[in-house]
$ cat start_20.cif   # mmCIF, C-alpha atoms and all ligand atoms
data_work
loop_
_atom_site.label_atom_id
_atom_site.label_comp_id
_atom_site.auth_asym_id
_atom_site.auth_seq_id
_atom_site.Cartn_x
_atom_site.Cartn_y
_atom_site.Cartn_z
CA MET A 195 -12.14 -4.04 23.94
CA ALA A 196 -10.71 -0.55 23.66
CA THR A 197 -12.13 2.52 25.42
CA PRO A 198 -15.11 4.29 23.75
CA SER A 199 -12.99 7.20 22.48
CA SER A 200 -9.33 7.11 21.54
CA ASN A 201 -6.49 9.59 21.62
CA GLN A 202 -5.89 11.78 18.66
CA VAL A 203 -2.61 10.79 16.97
CA THR A 204 -0.72 12.63 14.20
CA ALA A 205 1.89 10.90 12.06
CA LYS A 206 4.07 12.11 9.21
CA ALA A 207 5.47 9.99 6.35
CA HIS A 208 7.51 10.81 3.27
CA THR A 209 7.00 9.52 -0.21
CA ASN A 210 9.53 7.21 -1.90
CA ILE A 211 10.86 6.60 -5.37
CA ALA A 212 11.48 3.01 -6.47
CA LEU A 213 14.90 2.26 -7.98
CA VAL A 214 13.85 -1.35 -8.60
CA LYS A 215 10.11 -1.15 -9.29
CA TYR A 216 7.16 -3.06 -7.89
CA TRP A 217 4.87 -3.90 -10.80
CA GLY A 218 2.33 -6.66 -10.27
CA LYS A 219 0.61 -8.48 -7.44
CA LYS A 220 0.39 -12.15 -6.50
CA ASP A 221 -2.51 -11.43 -4.15
CA GLU A 222 -4.77 -8.46 -4.94
CA ASP A 223 -6.50 -8.39 -1.56
CA LEU A 224 -3.47 -8.69 0.72
CA ILE A 225 -1.28 -6.76 -1.74
CA ILE A 226 1.46 -9.36 -1.98
CA PRO A 227 3.74 -8.38 -4.88
CA GLN A 228 5.05 -10.70 -7.57
CA THR A 229 8.60 -9.49 -6.85
CA GLY A 230 10.58 -7.55 -4.27
CA SER A 231 11.45 -3.89 -4.88
CA LEU A 232 13.86 -1.25 -3.60
CA SER A 233 13.36 2.46 -3.04
CA LEU A 234 14.72 5.71 -1.69
CA THR A 235 12.55 7.74 0.71
CA LEU A 236 12.51 11.45 -0.22
CA ASP A 237 12.50 14.38 2.20
CA HIS A 238 10.64 16.93 0.11
CA PHE A 239 7.23 15.32 -0.28
CA TYR A 240 5.24 14.14 2.70
CA THR A 241 1.81 13.57 4.21
CA GLU A 242 0.68 14.45 7.73
CA THR A 243 -2.35 12.62 9.02
CA THR A 244 -4.33 12.93 12.25
CA VAL A 245 -6.68 10.15 13.36
CA SER A 246 -8.99 9.63 16.33
CA PHE A 247 -11.67 7.01 16.90
CA SER A 248 -14.82 8.22 18.59
CA LYS A 249 -18.24 6.91 19.54
CA GLY A 250 -19.59 10.41 18.85
CA LEU A 251 -19.39 9.83 15.08
CA LYS A 252 -21.92 7.98 12.92
CA THR A 253 -19.42 6.89 10.31
CA ASP A 254 -15.82 7.56 9.25
CA THR A 255 -15.25 11.25 8.51
CA ILE A 256 -12.32 11.65 6.14
CA LYS A 257 -10.77 14.90 4.94
CA ILE A 258 -7.78 15.45 2.68
CA ASP A 259 -6.42 19.00 2.57
CA ASN A 260 -9.52 20.16 4.49
CA GLN A 261 -11.97 18.72 1.92
CA LEU A 262 -14.24 15.73 2.49
CA VAL A 263 -13.05 12.95 0.18
CA ASN A 264 -15.17 11.54 -2.67
CA GLN A 265 -16.99 8.21 -2.34
CA LYS A 266 -14.25 6.21 -4.08
CA ASN A 267 -11.48 7.46 -1.79
CA TRP A 268 -13.75 7.21 1.25
CA GLN A 269 -14.36 3.52 0.50
CA LYS A 270 -10.66 2.83 0.08
CA ILE A 271 -9.71 4.53 3.36
CA HIS A 272 -12.73 3.08 5.19
CA SER A 273 -11.68 -0.46 4.12
CA PHE A 274 -8.18 0.22 5.39
CA LEU A 275 -9.54 1.51 8.73
CA ASN A 276 -11.59 -1.71 9.00
CA ILE A 277 -8.33 -3.68 8.98
CA VAL A 278 -7.03 -1.49 11.84
CA ARG A 279 -10.30 -1.81 13.79
CA LYS A 280 -10.22 -5.58 13.41
CA LYS A 281 -6.63 -5.77 14.70
CA ALA A 282 -7.46 -3.50 17.66
CA HIS A 283 -10.84 -5.17 18.42
CA ILE A 284 -12.76 -1.91 18.24
CA ASN A 285 -15.69 -0.85 16.10
CA LEU A 286 -15.64 2.92 16.52
CA PRO A 287 -15.83 5.32 13.57
CA ALA A 288 -12.74 7.41 12.87
CA GLU A 289 -12.08 11.05 12.15
CA VAL A 290 -9.22 11.37 9.68
CA SER A 291 -7.61 14.59 8.53
CA SER A 292 -4.72 14.41 6.10
CA PHE A 293 -2.51 17.06 4.52
CA ASN A 294 -0.30 16.43 1.53
CA HIS A 295 2.80 18.60 1.52
CA VAL A 296 3.58 18.44 -2.13
CA PRO A 297 4.83 21.61 -3.84
CA TYR A 298 2.45 23.42 -6.15
CA ALA A 299 2.02 21.70 -9.53
CA ALA A 300 4.28 18.87 -8.46
CA GLY A 301 1.89 16.12 -9.50
CA LEU A 302 3.61 13.85 -7.04
CA ALA A 303 0.79 13.29 -4.56
CA SER A 304 1.56 9.83 -3.49
CA SER A 305 -0.43 6.99 -2.03
CA ALA A 306 2.86 5.81 -0.49
CA SER A 307 3.22 8.67 2.00
CA ALA A 308 -0.56 8.81 2.49
CA PHE A 309 -1.02 5.18 3.56
CA ALA A 310 2.22 5.10 5.56
CA ALA A 311 1.04 8.11 7.62
CA LEU A 312 -2.48 6.67 7.92
CA ALA A 313 -1.17 3.28 9.08
CA ALA A 314 1.00 4.90 11.75
CA ALA A 315 -1.63 7.37 13.03
CA SER A 316 -4.65 5.05 12.92
CA SER A 317 -2.96 2.04 14.52
CA ARG A 318 -1.66 4.11 17.43
CA ALA A 319 -4.99 5.95 17.83
CA ALA A 320 -6.72 2.55 17.96
CA GLY A 321 -4.48 1.54 20.86
CA LEU A 322 -2.17 -0.76 18.93
CA SER A 323 1.55 -0.50 19.43
CA LEU A 324 3.14 -1.87 16.27
CA ASN A 325 6.85 -2.00 15.53
CA LYS A 326 8.11 -0.71 12.17
CA LYS A 327 8.02 -4.11 10.48
CA GLN A 328 4.39 -4.55 11.57
CA LEU A 329 3.60 -0.99 10.47
CA SER A 330 5.03 -1.74 7.04
CA GLN A 331 2.84 -4.87 6.81
CA LEU A 332 -0.19 -2.74 7.68
CA ALA A 333 0.68 0.17 5.32
CA ARG A 334 1.09 -2.37 2.50
CA ARG A 335 -2.62 -3.18 2.75
CA GLY A 336 -3.46 0.42 1.71
CA SER A 337 -0.97 0.74 -1.12
CA GLY A 338 1.95 -1.55 -1.84
CA SER A 339 4.63 1.12 -2.11
CA ALA A 340 3.46 2.60 1.25
CA CYS A 341 5.18 -0.22 3.13
CA ARG A 342 8.55 1.22 2.04
CA SER A 343 7.70 4.74 3.32
CA ILE A 344 7.66 3.51 6.93
CA PHE A 345 11.47 3.60 6.77
CA GLY A 346 13.89 6.34 5.72
CA GLY A 347 16.72 6.14 3.19
CA PHE A 348 17.15 3.02 1.04
CA VAL A 349 14.43 0.45 1.68
CA GLU A 350 13.77 -3.06 0.40
CA TRP A 351 10.30 -4.57 0.25
CA ILE A 352 10.62 -8.32 0.70
CA ALA A 353 7.90 -9.80 -1.53
CA GLY A 354 7.01 -12.77 0.68
CA GLN A 355 3.97 -14.96 0.05
CA ASP A 356 1.49 -13.98 2.74
CA ASP A 357 0.60 -11.12 5.08
CA GLU A 358 3.30 -12.01 7.58
CA SER A 359 6.19 -12.53 5.16
CA SER A 360 5.65 -9.42 2.98
CA TYR A 361 7.25 -6.36 4.60
CA ALA A 362 9.83 -3.62 4.17
CA MET A 363 13.22 -3.18 5.82
CA PRO A 364 15.88 -0.44 5.66
CA LEU A 365 19.22 -0.95 3.88
CA LYS A 366 22.39 0.84 4.91
CA SER A 367 24.71 2.54 2.42
CA ASP A 368 27.06 5.53 2.51
CA LEU A 369 25.56 6.54 -0.84
CA ILE A 370 22.79 8.08 1.27
CA ASN A 371 25.04 11.09 2.01
CA ASP A 372 25.52 11.99 -1.61
CA ILE A 373 22.48 10.83 -3.59
CA ARG A 374 19.91 13.42 -4.70
CA ILE A 375 16.75 13.36 -6.80
CA VAL A 376 15.86 16.20 -9.16
CA ALA A 377 12.12 15.75 -9.75
CA LEU A 378 10.76 17.21 -12.98
CA THR A 379 7.03 17.59 -12.68
CA ILE A 380 5.39 17.89 -16.03
CA LYS A 381 1.77 16.96 -15.53
CA THR A 382 -0.68 16.99 -12.66
CA SER A 383 -3.95 15.75 -14.13
CA PRO A 384 -5.18 12.33 -12.90
CA LYS A 385 -3.90 9.39 -14.92
CA LYS A 386 -6.26 7.32 -17.04
CA PHE A 387 -4.90 4.00 -15.80
CA SER A 388 -4.17 3.75 -12.07
CA SER A 389 -1.06 1.76 -11.22
CA ARG A 390 -3.38 -0.82 -9.63
CA LYS A 391 -5.26 -1.41 -12.91
CA ALA A 392 -2.22 -1.13 -15.13
CA MET A 393 -0.12 -3.62 -13.20
CA ARG A 394 -2.99 -6.12 -13.22
CA LEU A 395 -3.15 -5.75 -16.98
CA SER A 396 0.60 -6.30 -17.29
CA VAL A 397 0.49 -9.49 -15.20
CA GLN A 398 -2.42 -10.82 -17.25
CA THR A 399 -1.47 -9.77 -20.77
CA SER A 400 2.18 -8.75 -21.22
CA PRO A 401 4.09 -11.56 -22.95
CA TYR A 402 7.19 -10.33 -21.11
CA TYR A 403 5.83 -10.58 -17.57
CA LYS A 404 7.62 -13.87 -16.74
CA SER A 405 10.95 -12.36 -17.83
CA TRP A 406 10.28 -9.32 -15.62
CA ILE A 407 10.11 -11.57 -12.53
CA GLN A 408 13.55 -12.97 -13.36
CA LEU A 409 14.97 -9.53 -14.22
CA VAL A 410 13.87 -8.02 -10.93
CA LYS A 411 15.55 -10.82 -8.98
CA HIS A 412 18.75 -9.95 -10.78
CA ASP A 413 18.33 -6.15 -10.42
CA LEU A 414 17.57 -6.39 -6.70
CA ALA A 415 20.66 -8.46 -6.00
CA ALA A 416 22.81 -6.17 -8.16
CA VAL A 417 21.52 -2.95 -6.55
CA LYS A 418 22.13 -4.32 -3.08
CA ILE A 419 25.76 -4.91 -4.07
CA THR A 420 26.04 -1.32 -5.37
CA LEU A 421 24.76 -0.08 -2.00
CA LEU A 422 27.39 -2.10 -0.16
CA ASN A 423 30.16 -0.94 -2.50
CA ASN A 424 28.97 2.69 -2.74
CA ASP A 425 28.87 2.22 -6.49
CA PHE A 426 26.68 5.12 -7.64
CA SER A 427 27.25 4.56 -11.37
CA THR A 428 25.98 0.97 -11.39
CA LEU A 429 23.09 1.94 -9.11
CA GLY A 430 22.03 4.66 -11.56
CA HIS A 431 22.48 2.42 -14.59
CA ILE A 432 20.36 -0.41 -13.16
CA SER A 433 17.65 1.98 -11.89
CA GLU A 434 17.28 3.56 -15.32
CA LEU A 435 17.13 0.21 -17.09
CA ASN A 436 14.68 -1.21 -14.56
CA ALA A 437 12.30 1.73 -15.05
CA MET A 438 12.37 1.33 -18.83
CA ARG A 439 11.73 -2.39 -18.54
CA MET A 440 8.73 -1.70 -16.31
CA HIS A 441 7.39 0.66 -18.97
CA ALA A 442 8.02 -2.00 -21.60
CA LEU A 443 5.51 -4.12 -19.63
CA THR A 444 2.84 -1.42 -19.77
CA MET A 445 3.47 -0.81 -23.47
CA SER A 446 3.29 -4.53 -24.24
CA SER A 447 0.01 -5.02 -22.34
CA ASP A 448 -3.34 -5.35 -24.10
CA PRO A 449 -4.60 -2.64 -24.26
CA SER A 450 -1.21 -1.00 -24.48
CA ILE A 451 -0.54 1.74 -21.92
CA LEU A 452 1.94 4.53 -22.52
CA TYR A 453 2.62 6.81 -19.55
CA PHE A 454 5.16 8.98 -21.38
CA ASN A 455 4.36 12.22 -23.18
CA GLU A 456 6.52 14.50 -25.36
CA ALA A 457 8.14 16.17 -22.34
CA THR A 458 9.05 12.77 -20.86
CA LEU A 459 10.93 11.85 -24.05
CA ARG A 460 12.61 15.23 -24.16
CA ILE A 461 13.89 14.79 -20.61
CA ILE A 462 15.12 11.24 -21.32
CA ASN A 463 17.17 12.58 -24.23
CA SER A 464 18.45 15.52 -22.18
CA VAL A 465 19.64 13.19 -19.41
CA LYS A 466 21.56 11.16 -22.01
CA GLN A 467 23.10 14.35 -23.42
CA LEU A 468 24.11 15.57 -19.95
CA ARG A 469 25.73 12.20 -19.33
CA GLU A 470 27.66 12.41 -22.62
CA LYS A 471 28.98 15.76 -21.43
CA GLY A 472 30.32 14.10 -18.28
CA ILE A 473 27.53 15.14 -15.90
CA GLU A 474 26.58 11.86 -14.34
CA CYS A 475 22.81 11.44 -13.97
CA TYR A 476 20.15 8.80 -14.61
CA TYR A 477 16.38 8.92 -14.95
CA THR A 478 13.55 6.92 -13.47
CA ILE A 479 9.81 7.16 -14.24
CA ASP A 480 6.79 5.77 -12.36
CA ALA A 481 3.23 5.31 -13.60
CA GLY A 482 2.96 8.78 -15.13
CA PRO A 483 4.90 11.19 -17.35
CA ASN A 484 6.99 12.84 -14.59
CA VAL A 485 10.70 12.09 -14.53
CA LYS A 486 13.00 11.88 -11.52
CA ILE A 487 16.70 12.33 -12.12
CA ILE A 488 19.11 10.46 -9.90
CA CYS A 489 22.39 12.30 -9.34
CA LYS A 490 25.05 13.22 -6.82
CA GLU A 491 24.96 16.39 -4.71
CA LYS A 492 27.83 17.97 -6.70
CA ASN A 493 25.75 17.93 -9.93
CA VAL A 494 22.41 19.13 -8.51
CA SER A 495 22.94 22.77 -9.37
CA ILE A 496 24.02 22.24 -12.99
CA ILE A 497 21.18 19.75 -13.64
CA SER A 498 18.50 21.97 -12.03
CA LYS A 499 19.67 25.02 -13.96
CA TYR A 500 19.66 23.07 -17.22
CA PHE A 501 16.00 22.03 -16.76
CA GLU A 502 14.87 25.38 -15.32
CA LYS A 503 15.69 26.83 -18.75
CA ILE A 504 13.32 24.35 -20.41
CA PHE A 505 10.48 24.14 -17.86
CA ASP A 506 9.10 26.52 -15.22
CA LYS A 507 11.34 26.95 -12.21
CA ASN A 508 8.64 25.59 -9.87
CA ARG A 509 8.57 22.34 -11.83
CA VAL A 510 12.15 21.47 -10.92
CA ILE A 511 12.30 20.18 -7.35
CA VAL A 512 15.40 18.91 -5.60
CA ALA A 513 14.88 16.19 -3.00
CA LYS A 514 17.29 14.62 -0.53
CA PRO A 515 16.88 11.25 1.17
CA GLY A 516 14.08 11.49 3.74
CA SER A 517 13.39 9.89 7.11
CA GLY A 518 10.89 7.21 8.04
CA VAL A 519 7.53 7.69 9.69
CA THR A 520 7.40 9.95 12.77
CA TYR A 521 4.76 10.99 15.31
CA GLU A 522 4.01 14.52 16.46
O1 LIG B 1 1.87 1.20 -4.54
P1 LIG B 1 1.21 1.61 -5.81
O2 LIG B 1 -0.03 0.84 -6.06
O3 LIG B 1 1.01 3.10 -5.87
O4 LIG B 1 2.18 1.24 -7.05
C1 LIG B 1 3.45 1.80 -7.21
C2 LIG B 1 3.99 1.50 -8.56
C3 LIG B 1 5.27 2.24 -8.95
O5 LIG B 1 5.34 3.49 -8.34
C4 LIG B 1 5.25 2.46 -10.46
C5 LIG B 1 6.51 1.42 -8.64
C6 LIG B 1 6.97 1.38 -7.20
O6 LIG B 1 7.63 0.41 -6.85
O7 LIG B 1 6.71 2.34 -6.44
#
$ encode --input "start_20.cif" --output "structure tokens" --more "lines below"
Ligand code: PMV
Amino acid sequence: MATPSSNQVTAKAHTNIALVKYWGKKDEDLIIPQTGSLSLTLDHFYTETTVSFSKGLKTDTIKIDNQLVNQKNWQKIHSFLNIVRKKAHINLPAEVSSFNHVPYAAGLASSASAFAALAAASSRAAGLSLNKKQLSQLARRGSGSACRSIFGGFVEWIAGQDDESSYAMPLKSDLINDIRIVALTIKTSPKKFSSRKAMRLSVQTSPYYKSWIQLVKHDLAAVKITLLNNDFSTLGHISELNAMRMHALTMSSDPSILYFNEATLRIINSVKQLREKGIECYYTIDAGPNVKIICKEKNVSIISKYFEKIFDKNRVIVAKPGSGVTYE
């Protein structure tokens, strides 16, 4: 049994953008995905979370950006903390305070950085000393994509088939020095279909879901080769195609879900036009209308300026590869 009160621990984790997407679970409770996925951790967007366990509390007290969370979020975080308590053999309530460092109007608040930081801070505060692989297994239980945010740079999530075999690991590539993401943040209002609900719907109703499983196997293998060969063009091409194929799953679900809006389509066309002009860039889109443009450092300025003319300046955010989880 642990001591009645624990140390206060603060951890910081960055968000990540998937280049080969995770879309669908094999196990809803353990969050075991149907396929592997591959991402890039970004420096610009992060969450800092402080956790302590204390006998002086009646129940878990959870604040995000200094506000007590609503019942739905409380339940989600409380369930996650129960996993940590079980592992650490304690039953003390926790005090959690989390800050999302996401630029104004970015609309990029991410469960990935949130659960990666929570996994790191809560496990250490509970007296556990987990290595990064174990931390990724734990973060996965909060939100699938969070397992990838434990590591910096390019990261692969090995799908696995149970709690032990489903985890993330970093991948080395010199492309890390040159790759940049220009995030275009169009909309901030909460989405109607959470990724959790939408991916369940895709698994159950999209006639193309079986093909997606095969496609991802191919895309993962191909992207890993591009990382070894520093082949930015093929990496961009596959990432763009993979994102569109993920959206084809949501569109072909019943009911059909469309995350794009007019601005999303406008940006897609602009990226194609920029490419025709010889400015190499590719787009990727998650479960929302915002678009992230994948490019090289040398083209960041021209791409940002191009979109700053169309959207507000504060909606164009340049991100570099970010580091893995750290403690303060
Ligand atoms: O981890 P979740 O439940 O937030 O789902 C993430 C889904 C995508 O962002 C669309 C894809 C991915 O691999 O991150």
$ closest_residue --input "start_20.cif" --among "A:Arg342, A:Lys471, A:Lys206, A:Lys503" --to "ligand LIG 1 (chain B)" --atoms "only C-alpha atoms and all ligand atoms"
A:Arg342
$ closest_residue --input "start_20.cif" --among "A:Ile380, A:Ile284, A:Ala362, A:Ile256" --to "Ile226 of chain A" --atoms "only C-alpha atoms"
A:Ala362
$ residues_near_ligand --input "start_20.cif" --ligand "ligand LIG 1 (chain B)" --cutoff "7 Å" --atoms "only C-alpha atoms and all ligand atoms" --output "list in words"
Ile211, Ala212, Val214, Lys215, Tyr216, Trp217, Ser231, Ser305, Ala306, Ser337, Gly338, Ser339, Ala340, Ser389, Arg390, Asp480 and Ala481 of chain A
$ atom_distance --input "start_20.cif" --atom1 "atom CA of His272 of chain A" --atom2 "atom CA of Asp254 of chain A"
6.8 Å
$ atom_distance --input "start_20.cif" --atom1 "atom CA of Lys490 of chain A" --atom2 "atom CA of Asn294 of chain A"
26.9 Å
$ closest_atom_pairs --input "start_20.cif" --of "segment 325-396 of chain A" --to "segment 442-460 of chain A" --cutoff "12 Å" --atoms "only C-alpha atoms" --output "CSV"
residue,atom,partner,partner_atom,distance
A:Ala377,CA,A:Thr458,CA,11.9
A:Leu378,CA,A:Thr458,CA,9.2
A:Thr379,CA,A:Thr458,CA,9.7
A:Ile380,CA,A:Ala457,CA,7.1
A:Lys381,CA,A:Ala457,CA,9.4
A:Pro384,CA,A:Tyr453,CA,11.6
A:Lys385,CA,A:Tyr453,CA,8.4
A:Lys386,CA,A:Tyr453,CA,9.2
A:Phe387,CA,A:Ile451,CA,7.8
A:Ser388,CA,A:Tyr453,CA,10.6
A:Ser389,CA,A:Thr444,CA,9.9
A:Arg390,CA,A:Thr444,CA,11.9
A:Lys391,CA,A:Thr444,CA,10.6
A:Ala392,CA,A:Thr444,CA,6.9
A:Met393,CA,A:Thr444,CA,7.5
A:Arg394,CA,A:Ser447,CA,9.7
A:Leu395,CA,A:Ser447,CA,6.3
A:Ser396,CA,A:Ser447,CA,5.2
$ closest_residue --input "start_20.cif" --among "A:Gln467, A:Gln408, A:Ser343, A:Ser233" --to "Leu421 of chain A" --atoms "all atoms listed in the file"
A:Ser233
$ atom_distance --input "start_20.cif" --atom1 "atom CA of Glu242 of chain A" --atom2 "atom CA of Ala353 of chain A"
26.9 Å
$ residues_around --input "start_20.cif" --residues "Lys366 of chain A" --least-positions-apart "4" --cutoff "8 Å" --atoms "all atoms listed in the file" --output "ChimeraX atom specification"
/A:347-348,421-422
$ residues_around --input "start_20.cif" --residues "Leu251 of chain A" --least-positions-apart "2" --cutoff "9 Å" --atoms "only C-alpha atoms" --output "list in words"
Phe247, Ser248, Lys249, Thr253, Asp254, Thr255, Leu286, Pro287, Ala288 and Glu289 of chain A
$ closest_residue --input "start_20.cif" --among "A:Gly321, A:Pro515, A:Gly336, A:Gly430" --to "Ala308 of chain A" --atoms "all atoms listed in the file"
A:Gly336
$ closest_residue --input "start_20.cif" --among "A:Val290, A:Met440, A:Ala282, A:Ile487" --to "Lys257 of chain A" --atoms "only C-alpha atoms"
A:Val290
$ closest_residue --input "start_20.cif" --among "A:Leu312, A:Ile496, A:Glu522, A:Pro364" --to "Lys326 of chain A" --atoms "only C-alpha atoms"
A:Pro364
$ build_atoms --input "start_20.cif" --residues "segment 373-401 of chain A" --atoms "N, CA and C atoms" --output "compact mmCIF listing (two decimals), in the frame of the given file"
# COMPACT_ATOMS: atom_id res chain seq x y z
N ILE A 373 23.49 11.02 -2.54
CA ILE A 373 22.48 10.83 -3.59
C ILE A 373 21.39 11.91 -3.49
N ARG A 374 20.97 12.41 -4.64
CA ARG A 374 19.91 13.42 -4.70
C ARG A 374 18.96 13.06 -5.83
N ILE A 375 17.73 13.56 -5.73
CA ILE A 375 16.75 13.36 -6.80
C ILE A 375 16.30 14.74 -7.28
N VAL A 376 16.42 14.98 -8.58
CA VAL A 376 15.86 16.20 -9.16
C VAL A 376 14.55 15.77 -9.82
N ALA A 377 13.43 16.18 -9.23
CA ALA A 377 12.12 15.75 -9.75
C ALA A 377 11.63 16.79 -10.74
N LEU A 378 11.28 16.32 -11.94
CA LEU A 378 10.76 17.21 -12.98
C LEU A 378 9.28 16.90 -13.13
N THR A 379 8.46 17.85 -12.75
CA THR A 379 7.03 17.59 -12.68
C THR A 379 6.32 18.24 -13.86
N ILE A 380 5.91 17.39 -14.77
CA ILE A 380 5.39 17.89 -16.03
C ILE A 380 3.88 18.01 -16.00
N LYS A 381 3.23 17.04 -15.40
CA LYS A 381 1.77 16.96 -15.53
C LYS A 381 1.12 16.63 -14.20
N THR A 382 -0.03 17.23 -13.94
CA THR A 382 -0.68 16.99 -12.66
C THR A 382 -2.05 16.33 -12.80
N SER A 383 -2.59 16.27 -14.00
CA SER A 383 -3.95 15.75 -14.13
C SER A 383 -3.98 14.25 -13.82
N PRO A 384 -5.12 13.75 -13.29
CA PRO A 384 -5.18 12.33 -12.90
C PRO A 384 -4.92 11.40 -14.09
N LYS A 385 -4.22 10.30 -13.82
CA LYS A 385 -3.90 9.39 -14.92
C LYS A 385 -5.10 8.52 -15.29
N LYS A 386 -5.13 8.10 -16.54
CA LYS A 386 -6.26 7.32 -17.04
C LYS A 386 -6.24 5.90 -16.45
N PHE A 387 -5.04 5.35 -16.36
CA PHE A 387 -4.90 4.00 -15.80
C PHE A 387 -4.17 4.10 -14.46
N SER A 388 -4.84 3.76 -13.37
CA SER A 388 -4.17 3.75 -12.07
C SER A 388 -3.10 2.67 -12.11
N SER A 389 -2.10 2.79 -11.23
CA SER A 389 -1.06 1.76 -11.22
C SER A 389 -1.68 0.40 -10.87
N ARG A 390 -2.71 0.43 -10.02
CA ARG A 390 -3.38 -0.82 -9.63
C ARG A 390 -3.93 -1.56 -10.86
N LYS A 391 -4.66 -0.80 -11.71
CA LYS A 391 -5.26 -1.41 -12.91
C LYS A 391 -4.18 -1.81 -13.90
N ALA A 392 -3.23 -0.89 -14.10
CA ALA A 392 -2.22 -1.13 -15.13
C ALA A 392 -1.34 -2.33 -14.79
N MET A 393 -1.00 -2.47 -13.51
CA MET A 393 -0.12 -3.62 -13.20
C MET A 393 -0.87 -4.94 -13.33
N ARG A 394 -2.18 -4.91 -13.04
CA ARG A 394 -2.99 -6.12 -13.22
C ARG A 394 -2.99 -6.53 -14.70
N LEU A 395 -3.14 -5.52 -15.54
CA LEU A 395 -3.15 -5.75 -16.98
C LEU A 395 -1.81 -6.33 -17.45
N SER A 396 -0.73 -5.81 -16.90
CA SER A 396 0.60 -6.30 -17.29
C SER A 396 0.77 -7.76 -16.90
N VAL A 397 0.35 -8.10 -15.65
CA VAL A 397 0.49 -9.49 -15.20
C VAL A 397 -0.32 -10.41 -16.11
N GLN A 398 -1.53 -9.95 -16.48
CA GLN A 398 -2.42 -10.82 -17.25
C GLN A 398 -2.10 -10.89 -18.74
N THR A 399 -1.56 -9.79 -19.30
CA THR A 399 -1.47 -9.77 -20.77
C THR A 399 -0.08 -9.50 -21.36
N SER A 400 0.87 -9.01 -20.58
CA SER A 400 2.18 -8.75 -21.22
C SER A 400 2.92 -10.07 -21.45
N PRO A 401 3.36 -10.31 -22.68
CA PRO A 401 4.09 -11.56 -22.95
C PRO A 401 5.46 -11.58 -22.25
